[in-house]
file entry00.pdb (PDB, C-alpha atoms and all ligand atoms)
ATOM      1  CA  MET A1388      59.144  10.121  56.225
ATOM      2  CA  ARG A1389      56.022  10.482  58.309
ATOM      3  CA  PHE A1390      55.401   7.845  60.936
ATOM      4  CA  GLY A1391      52.378   7.033  63.059
ATOM      5  CA  VAL A1392      52.682   5.072  66.293
ATOM      6  CA  LEU A1393      50.057   3.568  68.579
ATOM      7  CA  THR A1394      49.720   1.206  71.529
ATOM      8  CA  SER A1395      46.775  -1.171  71.573
ATOM      9  CA  GLY A1396      45.214  -3.989  73.626
ATOM     10  CA  GLY A1397      46.085  -4.680  77.267
ATOM     11  CA  ASP A1398      48.771  -2.282  78.452
ATOM     12  CA  ALA A1399      52.172  -3.738  79.304
ATOM     13  CA  PRO A1400      55.064  -2.229  81.276
ATOM     14  CA  GLY A1401      57.621  -1.036  78.749
ATOM     15  CA  MET A1402      55.107   0.253  76.195
ATOM     16  CA  ASN A1403      56.171   3.790  77.103
ATOM     17  CA  ALA A1404      59.830   2.837  76.761
ATOM     18  CA  ALA A1405      59.077   1.444  73.288
ATOM     19  CA  LEU A1406      57.223   4.654  72.354
ATOM     20  CA  ARG A1407      60.186   6.677  73.539
ATOM     21  CA  ALA A1408      62.576   4.623  71.414
ATOM     22  CA  VAL A1409      60.362   4.851  68.324
ATOM     23  CA  VAL A1410      59.798   8.598  68.690
ATOM     24  CA  ARG A1411      63.422   9.459  69.422
ATOM     25  CA  THR A1412      64.789   7.253  66.639
ATOM     26  CA  ALA A1413      62.377   8.704  64.074
ATOM     27  CA  ILE A1414      63.314  12.236  65.108
ATOM     28  CA  HIS A1415      67.013  11.305  65.211
ATOM     29  CA  TYR A1416      66.816  10.436  61.500
ATOM     30  CA  GLY A1417      64.911  13.640  60.709
ATOM     31  CA  HIS A1418      61.406  12.189  60.308
ATOM     32  CA  HIS A1419      58.026  13.321  61.638
ATOM     33  CA  ILE A1420      56.056  11.097  63.975
ATOM     34  CA  TYR A1421      52.419  11.218  65.030
ATOM     35  CA  GLY A1422      51.219   9.636  68.269
ATOM     36  CA  ILE A1423      47.814   8.021  67.763
ATOM     37  CA  LYS A1424      45.681   8.027  70.903
ATOM     38  CA  ASN A1425      43.937   4.987  72.395
ATOM     39  CA  GLY A1426      45.079   2.366  69.920
ATOM     40  CA  TYR A1427      43.181   1.698  66.703
ATOM     41  CA  GLN A1428      40.316   3.785  68.105
ATOM     42  CA  GLY A1429      42.413   6.933  67.664
ATOM     43  CA  LEU A1430      43.108   5.964  64.084
ATOM     44  CA  ILE A1431      39.372   5.705  63.443
ATOM     45  CA  GLU A1432      38.647   8.988  65.255
ATOM     46  CA  ASN A1433      41.616  10.803  63.700
ATOM     47  CA  ASP A1434      42.916  11.497  67.203
ATOM     48  CA  MET A1435      46.631  12.053  66.613
ATOM     49  CA  VAL A1436      49.285  14.532  67.683
ATOM     50  CA  LEU A1437      52.693  15.350  66.285
ATOM     51  CA  LEU A1438      55.226  14.209  68.870
ATOM     52  CA  LEU A1439      58.408  15.987  69.822
ATOM     53  CA  ARG A1440      61.500  14.626  71.505
ATOM     54  CA  GLU A1441      60.495  16.139  74.860
ATOM     55  CA  ASP A1442      57.042  14.502  74.735
ATOM     56  CA  VAL A1443      58.719  11.222  75.619
ATOM     57  CA  SER A1444      61.020  12.564  78.320
ATOM     58  CA  GLY A1445      60.741  10.475  81.473
ATOM     59  CA  MET A1446      58.833   7.742  79.637
ATOM     60  CA  LEU A1447      61.528   5.098  79.904
ATOM     61  CA  THR A1448      60.614   4.281  83.478
ATOM     62  CA  LYS A1449      56.835   4.770  83.470
ATOM     63  CA  GLY A1450      54.336   1.901  83.427
ATOM     64  CA  GLY A1451      51.222   2.023  81.234
ATOM     65  CA  THR A1452      51.141   3.926  77.961
ATOM     66  CA  PHE A1453      50.969   7.697  77.732
ATOM     67  CA  LEU A1454      49.151   7.459  74.384
ATOM     68  CA  GLY A1455      46.379   5.380  75.955
ATOM     69  CA  THR A1456      45.165   2.034  74.690
ATOM     70  CA  ALA A1457      41.896   0.299  73.840
ATOM     71  CA  ARG A1458      40.452  -2.906  72.485
ATOM     72  CA  SER A1459      38.570  -1.579  69.469
ATOM     73  CA  LYS A1460      35.756  -3.890  68.325
ATOM     74  CA  ASP A1461      34.836  -1.393  65.582
ATOM     75  CA  PHE A1462      38.165  -2.024  63.920
ATOM     76  CA  LEU A1463      36.963  -5.505  62.900
ATOM     77  CA  LYS A1464      34.647  -3.822  60.359
ATOM     78  CA  LEU A1465      36.066  -3.228  56.876
ATOM     79  CA  GLU A1466      34.407   0.178  56.430
ATOM     80  CA  VAL A1467      35.868   1.341  59.741
ATOM     81  CA  ARG A1468      39.368   0.283  58.691
ATOM     82  CA  GLU A1469      38.874   2.139  55.401
ATOM     83  CA  LEU A1470      38.097   5.266  57.416
ATOM     84  CA  ALA A1471      41.245   4.686  59.501
ATOM     85  CA  ILE A1472      43.332   4.396  56.348
ATOM     86  CA  ARG A1473      41.870   7.649  54.989
ATOM     87  CA  ASN A1474      42.929   9.321  58.248
ATOM     88  CA  LEU A1475      46.499   8.088  57.741
ATOM     89  CA  GLN A1476      46.461   9.306  54.146
ATOM     90  CA  LYS A1477      45.162  12.770  55.150
ATOM     91  CA  ARG A1478      48.389  13.279  57.105
ATOM     92  CA  ASN A1479      50.572  11.551  54.532
ATOM     93  CA  ILE A1480      51.687   8.958  57.070
ATOM     94  CA  ASP A1481      53.886   6.454  55.218
ATOM     95  CA  ALA A1482      54.575   3.979  58.001
ATOM     96  CA  LEU A1483      52.533   2.820  60.975
ATOM     97  CA  ILE A1484      54.176   1.232  63.998
ATOM     98  CA  VAL A1485      51.815  -0.655  66.312
ATOM     99  CA  ILE A1486      52.786  -1.835  69.775
ATOM    100  CA  GLY A1487      50.761  -4.555  71.507
ATOM    101  CA  GLY A1488      49.802  -8.208  71.755
ATOM    102  CA  ASP A1489      48.014 -10.707  69.533
ATOM    103  CA  GLY A1490      44.884  -8.571  69.017
ATOM    104  CA  THR A1491      47.113  -5.684  67.937
ATOM    105  CA  PHE A1492      48.973  -7.982  65.550
ATOM    106  CA  ARG A1493      45.652  -9.175  64.082
ATOM    107  CA  GLY A1494      44.635  -5.522  63.548
ATOM    108  CA  ALA A1495      48.031  -4.913  61.929
ATOM    109  CA  GLN A1496      47.557  -7.872  59.591
ATOM    110  CA  ALA A1497      44.138  -6.567  58.527
ATOM    111  CA  LEU A1498      45.751  -3.224  57.608
ATOM    112  CA  ILE A1499      48.689  -4.926  55.867
ATOM    113  CA  GLU A1500      46.210  -6.817  53.679
ATOM    114  CA  MET A1501      44.679  -3.445  52.742
ATOM    115  CA  GLY A1502      48.075  -2.121  51.634
ATOM    116  CA  VAL A1503      49.190  -0.161  54.710
ATOM    117  CA  ASN A1504      52.903  -0.152  55.613
ATOM    118  CA  VAL A1505      52.860  -1.579  59.128
ATOM    119  CA  ILE A1506      55.506  -2.816  61.546
ATOM    120  CA  ALA A1507      54.394  -4.488  64.780
ATOM    121  CA  ILE A1508      56.249  -4.495  68.101
ATOM    122  CA  PRO A1509      55.269  -7.273  70.558
ATOM    123  CA  ALA A1510      54.217  -5.908  73.952
ATOM    124  CA  THR A1511      52.044  -7.998  76.250
ATOM    125  CA  ILE A1512      52.535  -9.434  79.702
ATOM    126  CA  ASP A1513      51.270 -12.788  78.363
ATOM    127  CA  ASN A1514      54.408 -13.645  76.323
ATOM    128  CA  ASP A1515      52.137 -15.534  73.966
ATOM    129  CA  LEU A1516      53.323 -14.196  70.599
ATOM    130  CA  GLY A1517      55.589 -15.995  68.172
ATOM    131  CA  GLY A1518      58.521 -14.241  66.519
ATOM    132  CA  THR A1519      60.321 -13.334  69.738
ATOM    133  CA  ASP A1520      61.638 -15.079  72.828
ATOM    134  CA  PHE A1521      60.077 -12.448  75.077
ATOM    135  CA  THR A1522      57.421  -9.804  74.649
ATOM    136  CA  ILE A1523      57.789  -6.370  76.244
ATOM    137  CA  GLY A1524      56.148  -6.379  79.692
ATOM    138  CA  PHE A1525      56.455 -10.078  80.443
ATOM    139  CA  ASN A1526      59.491  -9.776  82.696
ATOM    140  CA  THR A1527      58.007  -6.937  84.724
ATOM    141  CA  ALA A1528      54.751  -8.828  85.276
ATOM    142  CA  LEU A1529      56.766 -11.905  86.205
ATOM    143  CA  ASN A1530      58.648  -9.919  88.845
ATOM    144  CA  THR A1531      55.366  -8.663  90.286
ATOM    145  CA  ILE A1532      53.974 -12.191  90.501
ATOM    146  CA  VAL A1533      57.125 -13.611  92.076
ATOM    147  CA  GLU A1534      57.079 -10.846  94.673
ATOM    148  CA  GLY A1535      53.457 -11.795  95.399
ATOM    149  CA  ILE A1536      54.262 -15.506  95.725
ATOM    150  CA  ASP A1537      57.172 -14.792  98.085
ATOM    151  CA  LYS A1538      54.863 -12.761 100.310
ATOM    152  CA  LEU A1539      52.122 -15.363 100.217
ATOM    153  CA  ARG A1540      54.645 -18.035 101.147
ATOM    154  CA  ASP A1541      55.439 -16.127 104.358
ATOM    155  CA  THR A1542      51.845 -16.037 105.484
ATOM    156  CA  SER A1543      51.017 -19.579 104.239
ATOM    157  CA  SER A1544      53.851 -21.168 106.146
ATOM    158  CA  SER A1545      53.047 -19.187 109.283
ATOM    159  CA  HIS A1546      49.453 -20.461 109.173
ATOM    160  CA  GLN A1547      50.230 -23.921 107.779
ATOM    161  CA  ARG A1548      48.108 -23.243 104.744
ATOM    162  CA  CYS A1549      48.102 -23.956 101.049
ATOM    163  CA  SER A1550      47.997 -20.871  98.779
ATOM    164  CA  ILE A1551      46.626 -20.737  95.267
ATOM    165  CA  ILE A1552      47.853 -17.813  93.167
ATOM    166  CA  GLU A1553      45.989 -17.036  89.957
ATOM    167  CA  THR A1554      48.019 -15.308  87.247
ATOM    168  CA  MET A1555      46.896 -13.628  84.033
ATOM    169  CA  GLY A1556      48.062 -14.928  80.662
ATOM    170  CA  ARG A1557      44.796 -15.688  78.871
ATOM    171  CA  GLU A1558      45.523 -18.971  76.989
ATOM    172  CA  GLY A1559      49.274 -18.649  77.540
ATOM    173  CA  GLY A1560      50.956 -20.352  80.473
ATOM    174  CA  ASP A1561      54.314 -18.552  80.527
ATOM    175  CA  LEU A1562      53.528 -16.190  83.412
ATOM    176  CA  ALA A1563      52.413 -19.109  85.588
ATOM    177  CA  ILE A1564      55.193 -21.456  84.589
ATOM    178  CA  TYR A1565      58.029 -18.953  85.042
ATOM    179  CA  ALA A1566      56.540 -17.539  88.241
ATOM    180  CA  GLY A1567      55.823 -21.008  89.599
ATOM    181  CA  ILE A1568      59.433 -22.028  89.064
ATOM    182  CA  CYS A1569      60.765 -18.776  90.579
ATOM    183  CA  GLY A1570      58.440 -19.107  93.563
ATOM    184  CA  GLY A1571      59.117 -22.817  94.137
ATOM    185  CA  ALA A1572      55.473 -23.763  93.573
ATOM    186  CA  GLU A1573      54.476 -27.325  94.330
ATOM    187  CA  PHE A1574      51.900 -27.346  91.509
ATOM    188  CA  ILE A1575      51.750 -25.231  88.348
ATOM    189  CA  ILE A1576      48.537 -25.389  86.370
ATOM    190  CA  THR A1577      48.336 -23.998  82.833
ATOM    191  CA  LYS A1578      46.518 -24.968  79.618
ATOM    192  CA  GLN A1579      49.807 -26.436  78.391
ATOM    193  CA  HIS A1580      50.536 -28.242  81.652
ATOM    194  CA  SER A1581      47.343 -29.629  83.098
ATOM    195  CA  VAL A1582      47.202 -31.218  86.505
ATOM    196  CA  ASP A1583      44.866 -34.008  87.590
ATOM    197  CA  LYS A1584      42.837 -32.196  90.252
ATOM    198  CA  ASP A1585      41.902 -35.307  92.267
ATOM    199  CA  LYS A1586      45.491 -36.550  92.328
ATOM    200  CA  MET A1587      46.679 -33.111  93.419
ATOM    201  CA  ILE A1588      44.172 -33.090  96.296
ATOM    202  CA  GLN A1589      45.250 -36.613  97.335
ATOM    203  CA  THR A1590      48.882 -35.511  97.362
ATOM    204  CA  LEU A1591      48.025 -32.453  99.455
ATOM    205  CA  ALA A1592      46.103 -34.674 101.907
ATOM    206  CA  GLN A1593      49.151 -36.938 102.165
ATOM    207  CA  TRP A1594      51.475 -33.955 102.729
ATOM    208  CA  LYS A1595      49.155 -32.632 105.411
ATOM    209  CA  LYS A1596      49.351 -35.993 107.222
ATOM    210  CA  GLU A1597      53.116 -35.934 106.951
ATOM    211  CA  GLY A1598      53.184 -32.519 108.591
ATOM    212  CA  ARG A1599      54.155 -30.257 105.683
ATOM    213  CA  ARG A1600      53.647 -26.661 106.713
ATOM    214  CA  GLN A1601      52.621 -25.197 103.388
ATOM    215  CA  ALA A1602      52.086 -25.624  99.668
ATOM    216  CA  ILE A1603      51.914 -23.213  96.758
ATOM    217  CA  ILE A1604      49.792 -23.698  93.652
ATOM    218  CA  VAL A1605      50.173 -21.280  90.732
ATOM    219  CA  ALA A1606      47.386 -21.408  88.142
ATOM    220  CA  THR A1607      46.727 -19.470  84.950
ATOM    221  CA  GLU A1608      43.395 -17.641  84.814
ATOM    222  CA  ASN A1609      40.338 -19.261  83.207
ATOM    223  CA  ILE A1610      41.138 -22.839  84.192
ATOM    224  CA  PHE A1611      39.521 -23.095  87.632
ATOM    225  CA  ASN A1612      37.484 -20.813  89.793
ATOM    226  CA  VAL A1613      40.340 -20.597  92.273
ATOM    227  CA  HIS A1614      38.108 -19.706  95.225
ATOM    228  CA  ASP A1615      35.988 -22.833  94.638
ATOM    229  CA  LEU A1616      39.171 -24.856  94.206
ATOM    230  CA  ALA A1617      40.511 -23.545  97.529
ATOM    231  CA  GLU A1618      37.296 -24.581  99.242
ATOM    232  CA  GLU A1619      37.400 -28.053  97.678
ATOM    233  CA  ILE A1620      41.050 -28.591  98.678
ATOM    234  CA  THR A1621      40.290 -27.476 102.229
ATOM    235  CA  GLN A1622      37.299 -29.829 102.493
ATOM    236  CA  LYS A1623      38.859 -32.882 100.880
ATOM    237  CA  SER A1624      42.499 -32.694 101.995
ATOM    238  CA  GLY A1625      42.325 -30.968 105.359
ATOM    239  CA  PHE A1626      44.971 -28.494 104.113
ATOM    240  CA  ALA A1627      43.448 -25.071 104.829
ATOM    241  CA  THR A1628      43.673 -23.274 101.476
ATOM    242  CA  ARG A1629      43.272 -19.661 100.390
ATOM    243  CA  ALA A1630      43.188 -18.248  96.858
ATOM    244  CA  THR A1631      44.636 -14.935  95.687
ATOM    245  CA  VAL A1632      43.823 -13.477  92.279
ATOM    246  CA  LEU A1633      46.642 -11.071  91.421
ATOM    247  CA  GLY A1634      44.609  -9.428  88.650
ATOM    248  CA  TYR A1635      45.526  -6.091  87.081
ATOM    249  CA  ILE A1636      48.368  -5.432  89.520
ATOM    250  CA  GLN A1637      50.352  -7.649  87.130
ATOM    251  CA  ARG A1638      49.981  -5.098  84.331
ATOM    252  CA  GLY A1639      51.238  -2.047  86.215
ATOM    253  CA  GLY A1640      54.467  -0.641  87.507
ATOM    254  CA  ALA A1641      57.803   0.586  86.216
ATOM    255  CA  PRO A1642      59.325  -1.769  83.652
ATOM    256  CA  VAL A1643      62.229  -3.894  84.888
ATOM    257  CA  PRO A1644      65.611  -3.448  83.143
ATOM    258  CA  GLN A1645      65.062  -6.376  80.705
ATOM    259  CA  ASP A1646      61.856  -4.725  79.471
ATOM    260  CA  ARG A1647      63.498  -1.299  79.143
ATOM    261  CA  VAL A1648      66.304  -2.796  77.052
ATOM    262  CA  LEU A1649      63.949  -4.932  74.939
ATOM    263  CA  ALA A1650      61.596  -1.985  74.334
ATOM    264  CA  THR A1651      64.507   0.219  73.285
ATOM    265  CA  GLN A1652      65.996  -2.417  70.987
ATOM    266  CA  LEU A1653      62.683  -3.162  69.287
ATOM    267  CA  GLY A1654      61.645   0.489  69.005
ATOM    268  CA  VAL A1655      64.884   1.501  67.273
ATOM    269  CA  TYR A1656      64.809  -1.592  65.050
ATOM    270  CA  ALA A1657      61.209  -0.985  63.936
ATOM    271  CA  VAL A1658      62.001   2.538  62.728
ATOM    272  CA  GLU A1659      65.161   1.398  60.944
ATOM    273  CA  LEU A1660      63.288  -1.414  59.176
ATOM    274  CA  ALA A1661      60.682   1.082  57.977
ATOM    275  CA  MET A1662      63.467   3.280  56.621
ATOM    276  CA  GLU A1663      64.712   0.282  54.637
ATOM    277  CA  GLY A1664      61.196  -0.203  53.273
ATOM    278  CA  ILE A1665      60.601  -3.480  55.126
ATOM    279  CA  TYR A1666      56.942  -3.716  56.130
ATOM    280  CA  GLY A1667      54.317  -6.229  57.079
ATOM    281  CA  VAL A1668      56.582  -7.645  59.759
ATOM    282  CA  GLY A1669      56.717  -8.039  63.503
ATOM    283  CA  VAL A1670      60.011  -7.521  65.281
ATOM    284  CA  GLY A1671      61.534  -9.570  68.065
ATOM    285  CA  VAL A1672      64.664 -10.792  69.772
ATOM    286  CA  ARG A1673      65.587 -14.451  69.467
ATOM    287  CA  GLN A1674      68.679 -15.741  71.228
ATOM    288  CA  GLU A1675      69.874 -12.169  71.659
ATOM    289  CA  THR A1676      69.551 -11.384  67.954
ATOM    290  CA  LEU A1677      67.119  -8.888  66.473
ATOM    291  CA  VAL A1678      64.769 -10.649  64.072
ATOM    292  CA  ASN A1679      61.709  -9.860  62.015
ATOM    293  CA  ALA A1680      59.063 -12.112  60.506
ATOM    294  CA  LYS A1681      55.842 -11.594  58.581
ATOM    295  CA  VAL A1682      53.013 -10.692  60.949
ATOM    296  CA  VAL A1683      50.864 -13.375  59.306
ATOM    297  CA  ASP A1684      53.497 -16.022  60.126
ATOM    298  CA  ILE A1685      53.904 -14.773  63.690
ATOM    299  CA  LEU A1686      50.164 -15.093  64.199
ATOM    300  CA  SER A1687      50.146 -18.679  62.972
ATOM    301  CA  GLU A1688      53.239 -19.777  64.916
ATOM    302  CA  VAL A1689      52.489 -22.431  67.518
ATOM    303  CA  ASP A1690      53.781 -21.495  70.948
ATOM    304  CA  ASP A1691      56.156 -24.345  71.675
ATOM    305  CA  ARG A1692      58.803 -22.293  73.400
ATOM    306  CA  SER A1693      58.810 -23.319  76.966
ATOM    307  CA  PRO A1694      61.217 -26.141  77.731
ATOM    308  CA  LEU A1695      60.554 -25.139  81.350
ATOM    309  CA  TYR A1696      57.479 -27.361  81.436
ATOM    310  CA  GLU A1697      59.770 -30.362  81.596
ATOM    311  CA  LEU A1698      61.366 -29.073  84.782
ATOM    312  CA  VAL A1699      58.216 -28.623  86.784
ATOM    313  CA  ASP A1700      57.486 -32.217  87.782
ATOM    314  CA  LYS A1701      61.120 -32.883  88.643
ATOM    315  CA  VAL A1702      61.533 -30.078  91.126
ATOM    316  CA  SER A1703      58.109 -29.650  92.707
TER     317      SER A1703
HETATM  318  O1  LIG X1801      46.535  -9.740  77.300
HETATM  319  C1  LIG X1801      46.847  -9.146  78.526
HETATM  320  C2  LIG X1801      45.791  -9.476  79.545
HETATM  321  O2  LIG X1801      46.153  -8.866  80.756
HETATM  322  C3  LIG X1801      45.520 -10.969  79.756
HETATM  323  O3  LIG X1801      46.490 -11.584  80.573
HETATM  324  C4  LIG X1801      44.141 -10.929  80.354
HETATM  325  O4  LIG X1801      43.455 -12.136  80.143
HETATM  326  C5  LIG X1801      43.496  -9.806  79.602
HETATM  327  O5  LIG X1801      44.541  -8.962  79.150
HETATM  328  C6  LIG X1801      42.519  -8.978  80.400
HETATM  329  O6  LIG X1801      41.941  -8.078  79.514
HETATM  330  P1  LIG X1801      41.110  -6.786  79.907
HETATM  331  O7  LIG X1801      42.067  -5.705  80.244
HETATM  332  O8  LIG X1801      40.360  -6.459  78.666
HETATM  333  O9  LIG X1801      40.247  -7.163  81.065
END
call {"tool": "encode", "arguments": {"input": "entry00.pdb", "output": "structure tokens"}}
result
Amino acid sequence: MRFGVLTSGGDAPGMNAALRAVVRTAIHYGHHIYGIKNGYQGLIENDMVLLLREDVSGMLTKGGTFLGTARSKDFLKLEVRELAIRNLQKRNIDALIVIGGDGTFRGAQALIEMGVNVIAIPATIDNDLGGTDFTIGFNTALNTIVEGIDKLRDTSSSHQRCSIIETMGREGGDLAIYAGICGGAEFIITKQHSVDKDKMIQTLAQWKKEGRRQAIIVATENIFNVHDLAEEITQKSGFATRATVLGYIQRGGAPVPQDRVLATQLGVYAVELAMEGIYGVGVGVRQETLVNAKVVDILSEVDDRSPLYELVDKVS
């Protein structure tokens, strides 16, 4: 068989480990595999190279993606996807493995509907895709955030301040909710777990009066302007507050062991599914079992996974 593999969308730690697993497994079974550069953009531009076993040496531990990634707006156009498909056909590529988040899965679905044999591997720090308990990269980003919260707690308590930490996650709240629980946050604000701002400020004012030395608020991006919120809390509650936006730091770094294992499991599984002729699916691990589901179903699955939301109010 001839495989193509690409990484697309926001990079996630463990993408390289997944590439390594895909490339090595394909070669292990005697197949050829092309690495497509910069996501779907490389498919459009016919920017692909035949990969060898040694091309992925050392990739298990490296953050980012050695193939490069992009968010290709052009790929939304039908004529552009037709060009991409012609590029796959020119090289007789039978199976395309895409690694990325929801945008990547939507691109995969568009190709599936045009008859391409695609398998999608979930890799995004946001953990906002159905079909798997965890996406590749989530646990590494979580570790980075928790490390940040622990450090901010040191300085907040020394200065008797409140700290707001803004996490990534787009619409998904998993990074904030998991990190907030790990970091012992007093308030966790996500789209799925909203907090009444005025009540929160009243509580902080009360805590300040009672002599609490510090408070931690973890919030998902795009809900508040956290710097304005810090100013408002300071003014109204008397609790001096500072905001920290962790930003792209969350996307970098060597993948933690869970992400290396997950990436390896899913990479091997994706190649083996293709060899069985199973396409149009996304792979995942649910309750420690490898699973696959139609990409179209994964995209329509409602994210109702986090029972952790119920814990937050009880322990904060
Ligand atoms: O999807 C991953 C992610 O890091 C989100 O958490 C964030 O909202 C977005 O990508 C940022 O995208 P960009 O890299 O295009 O700025």
call {"tool": "closest_residue", "arguments": {"input": "entry00.pdb", "among": "A:Glu1558, A:Glu1441, A:Glu1466, A:Glu1618", "to": "A:Ile1588", "atoms": "all atoms listed in the file"}}
result
A:Glu1618
call {"tool": "closest_residue", "arguments": {"input": "entry00.pdb", "among": "A:Ala1399, A:Thr1519, A:His1419, A:Arg1478", "to": "A:Gly1556", "atoms": "all atoms listed in the file"}}
result
A:Ala1399
call {"tool": "closest_residue", "arguments": {"input": "entry00.pdb", "among": "A:Thr1394, A:Gln1674, A:Gln1601, A:Asn1609", "to": "ligand LIG 1801 (chain X)", "atoms": "all atoms listed in the file"}}
result
A:Asn1609
call {"tool": "residues_near_ligand", "arguments": {"input": "entry00.pdb", "ligand": "ligand LIG 1801 (chain X)", "cutoff": "6 Å", "atoms": "only C-alpha atoms and all ligand atoms", "output": "PyMOL selection string"}}
result
chain A and resi 1397+1511-1513+1555-1557
call {"tool": "closest_residue", "arguments": {"input": "entry00.pdb", "among": "A:Gly1669, A:Thr1676, A:Val1392, A:Gly1488", "to": "A:Leu1438", "atoms": "all atoms listed in the file"}}
result
A:Val1392
call {"tool": "residues_around", "arguments": {"input": "entry00.pdb", "residues": "A:Val1503", "least_positions_apart": "2", "cutoff": "8 Å", "atoms": "only C-alpha atoms", "output": "list in words"}}
result
Ile1472, Ala1482, Leu1483, Leu1498, Ile1499, Glu1500, Met1501 and Val1505 of chain A
call {"tool": "residues_around", "arguments": {"input": "entry00.pdb", "residues": "A:Asp1442", "least_positions_apart": "4", "cutoff": "10 Å", "atoms": "only C-alpha atoms", "output": "ChimeraX atom specification"}}
result
/A:1407,1410-1411,1422,1437-1438,1446,1453
call {"tool": "residues_around", "arguments": {"input": "entry00.pdb", "residues": "A:Ala1405", "least_positions_apart": "6", "cutoff": "12 Å", "atoms": "only C-alpha atoms", "output": "ChimeraX atom specification"}}
result
/A:1392-1394,1399,1411-1412,1443,1446-1454,1484-1487,1507-1510,1522-1524,1642,1646-1658
call {"tool": "residues_around", "arguments": {"input": "entry00.pdb", "residues": "A:Gly1455", "least_positions_apart": "5", "cutoff": "7 Å", "atoms": "all atoms listed in the file", "output": "ChimeraX atom specification"}}
result
/A:1394,1424-1426
call {"tool": "residues_near_point", "arguments": {"input": "entry00.pdb", "point": "(53.3, -14.4, 63.0)", "cutoff": "12 Å", "atoms": "all atoms listed in the file", "output": "ChimeraX atom specification"}}
result
/A:1488-1493,1495-1496,1506-1509,1515-1519,1667-1671,1679-1690
call {"tool": "atom_distance", "arguments": {"input": "entry00.pdb", "atom1": "atom CA of A:Gln1579", "atom2": "atom CA of A:Ile1552"}}
result
17.2 Å
call {"tool": "residues_around", "arguments": {"input": "entry00.pdb", "residues": "A:His1614", "least_positions_apart": "4", "cutoff": "9 Å", "atoms": "only C-alpha atoms", "output": "PDB file with C-alpha atoms, in the frame of the given file"}}
result
ATOM      1  CA  ILE A1551      46.626 -20.737  95.267  1.00  0.00           C
ATOM      2  CA  GLU A1618      37.296 -24.581  99.242  1.00  0.00           C
ATOM      3  CA  GLU A1619      37.400 -28.053  97.678  1.00  0.00           C
ATOM      4  CA  ARG A1629      43.272 -19.661 100.390  1.00  0.00           C
ATOM      5  CA  ALA A1630      43.188 -18.248  96.858  1.00  0.00           C
ATOM      6  CA  THR A1631      44.636 -14.935  95.687  1.00  0.00           C
ATOM      7  CA  VAL A1632      43.823 -13.477  92.279  1.00  0.00           C
TER       8      VAL A1632
END
call {"tool": "closest_residue", "arguments": {"input": "entry00.pdb", "among": "A:Leu1529, A:Ala1408, A:Ala1602, A:Ile1414", "to": "A:Gly1445", "atoms": "only C-alpha atoms"}}
result
A:Ala1408
call {"tool": "resolve_selection", "arguments": {"input": "entry00.pdb", "expression": "the PyMOL selection byres (((chain A and resi 1431) around 9) and not hetatm)", "output": "PyMOL selection string"}}
result
chain A and resi 1427-1430+1432-1434+1461-1462+1467-1472+1474
call {"tool": "write_last_selection", "arguments": {"input": "entry00.pdb", "atoms": "C-alpha atoms", "output": "short mmCIF file (atom, residue, chain, number, x, y, z; two decimals), in the coordinates of the input"}}
result
data_model
loop_
_atom_site.label_atom_id
_atom_site.label_comp_id
_atom_site.auth_asym_id
_atom_site.auth_seq_id
_atom_site.Cartn_x
_atom_site.Cartn_y
_atom_site.Cartn_z
CA TYR A 1427 43.18 1.70 66.70
CA GLN A 1428 40.32 3.78 68.10
CA GLY A 1429 42.41 6.93 67.66
CA LEU A 1430 43.11 5.96 64.08
CA GLU A 1432 38.65 8.99 65.26
CA ASN A 1433 41.62 10.80 63.70
CA ASP A 1434 42.92 11.50 67.20
CA ASP A 1461 34.84 -1.39 65.58
CA PHE A 1462 38.16 -2.02 63.92
CA VAL A 1467 35.87 1.34 59.74
CA ARG A 1468 39.37 0.28 58.69
CA GLU A 1469 38.87 2.14 55.40
CA LEU A 1470 38.10 5.27 57.42
CA ALA A 1471 41.24 4.69 59.50
CA ILE A 1472 43.33 4.40 56.35
CA ASN A 1474 42.93 9.32 58.25
#
call {"tool": "resolve_selection", "arguments": {"input": "entry00.pdb", "expression": "the PyMOL selection byres (((chain A and resi 1546) around 12) and not hetatm)", "output": "number ranges by chain"}}
result
A: 1539-1545, 1547-1550, 1599-1602, 1626-1629
call {"tool": "closest_residue", "arguments": {"input": "entry00.pdb", "among": "A:Thr1607, A:Asn1514, A:Thr1621, A:Ser1459", "to": "A:Ser1693", "atoms": "only C-alpha atoms"}}
result
A:Asn1514
call {"tool": "atom_distance", "arguments": {"input": "entry00.pdb", "atom1": "atom CA of A:Gly1494", "atom2": "atom CA of A:Arg1389"}}
result
20.3 Å
call {"tool": "resolve_selection", "arguments": {"input": "entry00.pdb", "expression": "the PyMOL selection byres (((chain A and resi 1388) around 9) and not hetatm)", "output": "VMD selection string"}}
result
chain A and resid 1389 to 1390 1413 1417 to 1420 1479 to 1482 1662
call {"tool": "atom_distance", "arguments": {"input": "entry00.pdb", "atom1": "atom CA of A:Val1533", "atom2": "atom CA of A:Lys1584"}}
result
23.5 Å
